[in-house]
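Quick look at data_24.cif (mmCIF, C-alpha atoms, pLDDT in the B column; chains and numbers go by the auth columns):
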data_run
loop_
_atom_site.group_PDB
_atom_site.id
_atom_site.type_symbol
_atom_site.label_atom_id
_atom_site.label_comp_id
_atom_site.label_asym_id
_atom_site.label_seq_id
_atom_site.Cartn_x
_atom_site.Cartn_y
_atom_site.Cartn_z
_atom_site.B_iso_or_equiv
_atom_site.auth_seq_id
_atom_site.auth_asym_id
ATOM 1 C CA MET A 1 -11.705 160.646 98.944 75.00 11 B
ATOM 2 C CA THR A 2 -10.366 162.621 95.975 87.00 12 B
ATOM 3 C CA LYS A 3 -7.152 161.393 94.390 91.00 13 B
ATOM 4 C CA GLN A 4 -4.178 163.721 94.354 97.00 14 B
ATOM 5 C CA THR A 5 -2.802 164.739 90.974 97.00 15 B
ATOM 6 C CA VAL A 6 0.760 164.053 89.823 97.00 16 B
ATOM 7 C CA VAL A 7 2.542 165.192 86.685 97.00 17 B
ATOM 8 C CA VAL A 8 4.516 162.586 84.762 97.00 18 B
ATOM 9 C CA ALA A 9 6.958 163.908 82.164 96.00 19 B
ATOM 10 C CA LEU A 10 8.335 161.747 79.364 95.00 20 B
ATOM 11 C CA GLY A 11 11.186 163.101 77.274 90.00 21 B
ATOM 12 C CA GLY A 12 11.001 162.659 73.521 84.00 22 B
ATOM 13 C CA ASN A 13 14.028 160.373 73.792 83.00 23 B
ATOM 14 C CA ALA A 14 12.070 158.089 76.142 88.00 24 B
ATOM 15 C CA LEU A 15 9.626 157.550 73.301 92.00 25 B
ATOM 16 C CA LEU A 16 12.288 157.096 70.618 89.00 26 B
ATOM 17 C CA ARG A 17 15.613 156.339 72.248 86.00 27 B
ATOM 18 C CA ARG A 18 18.884 157.737 70.976 82.00 28 B
ATOM 19 C CA GLY A 19 20.110 155.750 67.996 82.00 29 B
ATOM 20 C CA GLU A 20 16.885 153.753 67.502 89.00 30 B
ATOM 21 C CA PRO A 21 15.301 153.860 64.052 90.00 31 B
ATOM 22 C CA LEU A 22 12.560 156.513 64.010 88.00 32 B
ATOM 23 C CA GLU A 23 9.835 153.956 63.302 93.00 33 B
ATOM 24 C CA ALA A 24 6.242 153.956 64.510 94.00 34 B
ATOM 25 C CA SER A 25 6.425 150.372 65.785 96.00 35 B
ATOM 26 C CA ILE A 26 9.471 151.138 67.941 96.00 36 B
ATOM 27 C CA GLN A 27 7.860 154.277 69.313 95.00 37 B
ATOM 28 C CA ARG A 28 4.681 152.340 70.124 96.00 38 B
ATOM 29 C CA GLN A 29 6.714 149.662 71.925 96.00 39 B
ATOM 30 C CA ASN A 30 8.523 152.291 74.003 96.00 40 B
ATOM 31 C CA ILE A 31 5.234 154.023 74.784 96.00 41 B
ATOM 32 C CA ALA A 32 3.667 150.693 75.807 96.00 42 B
ATOM 33 C CA THR A 33 6.542 150.180 78.250 96.00 43 B
ATOM 34 C CA ALA A 34 6.080 153.668 79.710 96.00 44 B
ATOM 35 C CA ALA A 35 2.288 153.214 79.836 97.00 45 B
ATOM 36 C CA THR A 36 2.674 150.203 82.119 97.00 46 B
ATOM 37 C CA THR A 37 4.379 152.363 84.739 96.00 47 B
ATOM 38 C CA ILE A 38 1.990 155.266 84.190 97.00 48 B
ATOM 39 C CA ALA A 39 -1.020 152.949 84.564 97.00 49 B
ATOM 40 C CA ALA A 40 0.340 151.747 87.909 97.00 50 B
ATOM 41 C CA ILE A 41 0.668 155.366 89.069 97.00 51 B
ATOM 42 C CA ALA A 42 -2.874 156.087 87.838 95.00 52 B
ATOM 43 C CA GLN A 43 -4.244 153.442 90.222 93.00 53 B
ATOM 44 C CA GLN A 44 -3.498 155.824 93.110 94.00 54 B
ATOM 45 C CA TYR A 45 -3.340 159.275 91.504 96.00 55 B
ATOM 46 C CA ASN A 46 -4.876 161.401 88.804 95.00 56 B
ATOM 47 C CA VAL A 47 -2.122 161.678 86.204 96.00 57 B
ATOM 48 C CA VAL A 48 -1.297 164.604 83.971 96.00 58 B
ATOM 49 C CA LEU A 49 1.130 163.309 81.377 95.00 59 B
ATOM 50 C CA VAL A 50 3.407 165.626 79.405 95.00 60 B
ATOM 51 C CA HIS A 51 5.981 164.625 76.833 95.00 61 B
ATOM 52 C CA GLY A 52 8.821 165.861 74.697 92.00 62 B
ATOM 53 C CA ASN A 53 8.978 165.443 70.948 93.00 63 B
ATOM 54 C CA GLY A 54 12.472 166.239 69.680 92.00 64 B
ATOM 55 C CA PRO A 55 13.066 163.036 67.703 92.00 65 B
ATOM 56 C CA GLN A 56 9.537 163.098 66.297 93.00 66 B
ATOM 57 C CA VAL A 57 9.659 166.733 65.147 94.00 67 B
ATOM 58 C CA GLY A 58 13.039 166.069 63.559 94.00 68 B
ATOM 59 C CA LEU A 59 11.628 163.096 61.649 94.00 69 B
ATOM 60 C CA LEU A 60 8.723 165.123 60.264 95.00 70 B
ATOM 61 C CA ALA A 61 11.119 167.909 59.311 96.00 71 B
ATOM 62 C CA LEU A 62 13.279 165.418 57.398 94.00 72 B
ATOM 63 C CA GLN A 63 10.227 163.994 55.644 94.00 73 B
ATOM 64 C CA GLY A 64 9.188 167.518 54.688 94.00 74 B
ATOM 65 C CA LEU A 65 12.543 168.154 53.038 92.00 75 B
ATOM 66 C CA GLU A 66 11.994 165.214 50.689 91.00 76 B
ATOM 67 C CA TYR A 67 8.739 166.500 49.153 91.00 77 B
ATOM 68 C CA LYS A 68 9.901 169.322 46.925 90.00 78 B
ATOM 69 C CA GLN A 69 6.456 170.454 45.656 95.00 79 B
ATOM 70 C CA VAL A 70 5.818 172.586 48.750 93.00 80 B
ATOM 71 C CA MET A 71 7.882 174.502 51.276 92.00 81 B
ATOM 72 C CA PRO A 72 8.627 172.486 54.433 92.00 82 B
ATOM 73 C CA TYR A 73 6.163 173.073 57.248 95.00 83 B
ATOM 74 C CA PRO A 74 7.360 175.302 60.100 94.00 84 B
ATOM 75 C CA LEU A 75 8.496 173.710 63.351 93.00 85 B
ATOM 76 C CA ASP A 76 5.507 174.955 65.353 92.00 86 B
ATOM 77 C CA VAL A 77 3.147 173.090 63.020 95.00 87 B
ATOM 78 C CA LEU A 78 5.350 169.982 63.146 96.00 88 B
ATOM 79 C CA GLY A 79 5.286 170.250 66.933 94.00 89 B
ATOM 80 C CA SER A 80 1.498 170.189 66.951 95.00 90 B
ATOM 81 C CA GLU A 81 1.486 167.231 64.568 96.00 91 B
ATOM 82 C CA THR A 82 3.735 165.286 66.913 95.00 92 B
ATOM 83 C CA GLN A 83 1.637 166.260 69.943 95.00 93 B
ATOM 84 C CA GLY A 84 -1.361 164.697 68.228 95.00 94 B
ATOM 85 C CA MET A 85 0.539 161.590 67.126 95.00 95 B
ATOM 86 C CA ILE A 86 2.174 160.952 70.497 95.00 96 B
ATOM 87 C CA GLY A 87 -1.042 161.747 72.364 95.00 97 B
ATOM 88 C CA TYR A 88 -2.960 159.316 70.182 96.00 98 B
ATOM 89 C CA ILE A 89 -0.544 156.440 70.861 96.00 99 B
ATOM 90 C CA LEU A 90 -0.329 157.248 74.581 96.00 100 B
ATOM 91 C CA MET A 91 -4.129 157.273 74.818 96.00 101 B
ATOM 92 C CA GLN A 92 -4.403 153.922 73.058 96.00 102 B
ATOM 93 C CA GLU A 93 -1.818 152.251 75.266 97.00 103 B
ATOM 94 C CA LEU A 94 -3.210 153.710 78.489 97.00 104 B
ATOM 95 C CA LYS A 95 -6.789 152.809 77.539 97.00 105 B
ATOM 96 C CA ASN A 96 -5.654 149.224 76.842 97.00 106 B
ATOM 97 C CA LEU A 97 -4.300 149.050 80.394 97.00 107 B
ATOM 98 C CA LEU A 98 -7.037 151.118 82.073 96.00 108 B
ATOM 99 C CA PRO A 99 -10.247 150.342 80.150 96.00 109 B
ATOM 100 C CA GLN A 100 -12.538 151.726 82.877 94.00 110 B
ATOM 101 C CA GLN A 101 -10.627 154.979 83.344 92.00 111 B
ATOM 102 C CA GLU A 102 -11.124 158.256 81.507 91.00 112 B
ATOM 103 C CA VAL A 103 -8.172 159.133 79.280 93.00 113 B
ATOM 104 C CA SER A 104 -8.006 162.308 77.213 93.00 114 B
ATOM 105 C CA CYS A 105 -5.487 164.205 75.134 92.00 115 B
ATOM 106 C CA MET A 106 -4.956 167.936 74.726 92.00 116 B
ATOM 107 C CA LEU A 107 -2.906 169.957 72.252 91.00 117 B
ATOM 108 C CA THR A 108 -1.102 173.018 73.561 89.00 118 B
ATOM 109 C CA GLN A 109 0.063 176.247 72.021 89.00 119 B
ATOM 110 C CA MET A 110 2.736 178.570 73.367 87.00 120 B
ATOM 111 C CA LEU A 111 3.214 182.247 72.745 91.00 121 B
ATOM 112 C CA VAL A 112 6.864 183.256 72.410 92.00 122 B
ATOM 113 C CA ASP A 113 8.644 186.571 72.060 95.00 123 B
ATOM 114 C CA PRO A 114 9.993 186.880 68.498 93.00 124 B
ATOM 115 C CA GLN A 115 13.005 188.682 70.008 96.00 125 B
ATOM 116 C CA ASP A 116 13.830 185.772 72.327 96.00 126 B
ATOM 117 C CA PRO A 117 17.631 185.238 72.273 96.00 127 B
ATOM 118 C CA ALA A 118 17.078 181.503 71.665 95.00 128 B
ATOM 119 C CA PHE A 119 16.378 182.303 68.014 95.00 129 B
ATOM 120 C CA SER A 120 20.015 183.277 67.560 95.00 130 B
ATOM 121 C CA ASP A 121 21.409 180.441 69.718 95.00 131 B
ATOM 122 C CA PRO A 122 19.693 177.131 68.845 96.00 132 B
ATOM 123 C CA THR A 123 20.086 174.487 71.564 95.00 133 B
ATOM 124 C CA LYS A 124 17.128 172.057 71.256 94.00 134 B
ATOM 125 C CA PRO A 125 18.165 168.752 69.606 94.00 135 B
ATOM 126 C CA ILE A 126 15.686 167.297 67.135 94.00 136 B
ATOM 127 C CA GLY A 127 15.673 164.298 64.851 92.00 137 B
ATOM 128 C CA PRO A 128 18.083 161.392 64.642 92.00 138 B
ATOM 129 C CA VAL A 129 21.728 161.253 65.630 93.00 139 B
ATOM 130 C CA TYR A 130 24.451 161.428 62.986 95.00 140 B
ATOM 131 C CA GLN A 131 28.137 160.778 62.704 96.00 141 B
ATOM 132 C CA GLU A 132 30.004 164.099 62.611 97.00 142 B
ATOM 133 C CA ALA A 133 30.808 164.058 58.877 98.00 143 B
ATOM 134 C CA GLU A 134 27.198 163.421 57.869 97.00 144 B
ATOM 135 C CA ALA A 135 25.932 166.036 60.328 97.00 145 B
ATOM 136 C CA ARG A 136 28.297 168.658 58.905 97.00 146 B
ATOM 137 C CA GLU A 137 27.248 167.767 55.350 97.00 147 B
ATOM 138 C CA LEU A 138 23.547 168.081 56.211 96.00 148 B
ATOM 139 C CA ALA A 139 24.196 171.339 58.058 97.00 149 B
ATOM 140 C CA GLU A 140 25.780 172.808 54.954 97.00 150 B
ATOM 141 C CA LYS A 141 23.130 171.461 52.599 94.00 151 B
ATOM 142 C CA PHE A 142 20.105 172.608 54.647 94.00 152 B
ATOM 143 C CA GLN A 143 21.626 175.530 56.613 94.00 153 B
ATOM 144 C CA TRP A 144 21.121 173.659 59.889 97.00 154 B
ATOM 145 C CA THR A 145 22.911 174.215 63.134 97.00 155 B
ATOM 146 C CA VAL A 146 24.341 170.944 64.452 98.00 156 B
ATOM 147 C CA THR A 147 26.091 170.191 67.703 97.00 157 B
ATOM 148 C CA ALA A 148 27.644 167.290 69.549 96.00 158 B
ATOM 149 C CA ASP A 149 25.165 165.112 71.403 91.00 159 B
ATOM 150 C CA GLY A 150 27.172 162.518 73.292 91.00 160 B
ATOM 151 C CA GLN A 151 29.321 160.654 70.775 94.00 161 B
ATOM 152 C CA TYR A 152 27.026 161.716 67.925 95.00 162 B
ATOM 153 C CA PHE A 153 25.756 164.953 66.401 96.00 163 B
ATOM 154 C CA ARG A 154 22.219 166.262 66.054 95.00 164 B
ATOM 155 C CA ARG A 155 20.419 169.158 64.475 97.00 165 B
ATOM 156 C CA VAL A 156 19.507 171.856 66.986 97.00 166 B
ATOM 157 C CA VAL A 157 16.765 174.449 66.682 96.00 167 B
ATOM 158 C CA PRO A 158 15.706 177.441 68.794 95.00 168 B
ATOM 159 C CA SER A 159 13.855 176.673 71.994 93.00 169 B
ATOM 160 C CA PRO A 160 12.377 180.009 73.073 93.00 170 B
ATOM 161 C CA ARG A 161 10.693 180.420 76.437 91.00 171 B
ATOM 162 C CA ASP A 162 6.955 180.824 76.541 87.00 172 B
ATOM 163 C CA ILE A 163 5.521 184.142 77.709 85.00 173 B
#
Just give me the structure as structure tokens.
Amino acid sequence: MTKQTVVVALGGNALLRRGEPLEASIQRQNIATAATTIAAIAQQYNVVLVHGNGPQVGLLALQGLEYKQVMPYPLDVLGSETQGMIGYILMQELKNLLPQQEVSCMLTQMLVDPQDPAFSDPTKPIGPVYQEAEARELAEKFQWTVTADGQYFRRVVPSPRDI
């Protein structure tokens, strides 16, 4: 009998929780926790796993601002970098739990309308959380848009719809 397929979606904040340091070891620990549940699901179903990447893209963007010899990479490239990084760690953790099962990773690319209204109204939080004063200072320094995110503030970027 063929297994049914289910889609499991992990938000970027499930991989790096709000307020946690944006460190690889913490992300791996969170992914290992999620992988335990996903592996249990994979015993009965084929699993397609999708994930967010807001904190991770924000971290790479911050790192890019520090190296002044080149222009910072655009967000679409940073998004693909984080897809690869997160996919790599997810594959490792799932393969540790399911050594006999096939596990693969795929990068995606979306086509968006350059006239999408999201470009003039950024709403997608990326990167770490900040206290309001620091967020406002960074917004002025880097021409970011920041907004309240719970009791903290975060940088927000456009999140256009795919076409």
### Which residue of B:Gly29, B:Pro124, B:Pro84, B:Pro109 approaches Val67 of chain B most closely, using only C-alpha atoms
B:Pro84
### Coordinates-based distance that separates atom CA of Leu100 of chain B from atom CA of Arg171 of chain B (Å, one decimal)
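One can read the atom CA of Arg171 of chain B to atom CA of Leu100 of chain B distance as 25.7 Å.
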### Task
For segment 129-132 of chain B, work out the shell of residues within 6 Å, counting all atoms listed in the file and skipping chain neighbours fewer than 5 positions away, then give it as a list in words.
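So, after excluding close chain neighbours, the residues are Val166, Val167 and Pro168 of chain B.
Restricting the calculation to all atoms listed in the file, the smallest distance between Gln102 of chain B and any of B:Ala45, B:Phe163, B:Leu25, B:Asp172 is found for B:Ala45.
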Taking every listed atom of segment 31-47 of chain B and adding 3 Å to each side, what centre and edge lengths in Å (one decimal) does the axis-aligned box have, as lines of an AutoDock Vina configuration file?
center_x = 8.8
center_y = 153.1
center_z = 74.0
size_x = 19.0
size_y = 12.9
size_z = 27.4
### Hits of the PyMOL selection byres ((chain B and resi 154) around 12) in this structure, as a ChimeraX atom specification
/B:68,71-72,131-133,135-137,145-153,155-157,163-168
### Pairwise distance for atom CA of Met95 of chain B and atom CA of Gln54 of chain B, rounded to one decimal in Å
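Separation between atom CA of Met95 of chain B and atom CA of Gln54 of chain B: 26.9 Å.
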### Task
Would you kindly translate the PyMOL selection byres ((chain B and resi 39-42) around 8) into the concrete residues it picks from this file, as a ChimeraX atom specification?
/B:24-26,35-38,43-46,99-100,103-104
### Task
Go through B:Ala128, B:Ala49, B:Val122, B:Leu70 and flag the residue nearest Met101 of chain B, using all atoms listed in the file for the distances.
B:Ala49
### Query
Interatomic distance between atom CA of Pro31 of chain B and atom CA of Thr118 of chain B?
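Separating atom CA of Pro31 of chain B from atom CA of Thr118 of chain B is a distance of 27.0 Å.
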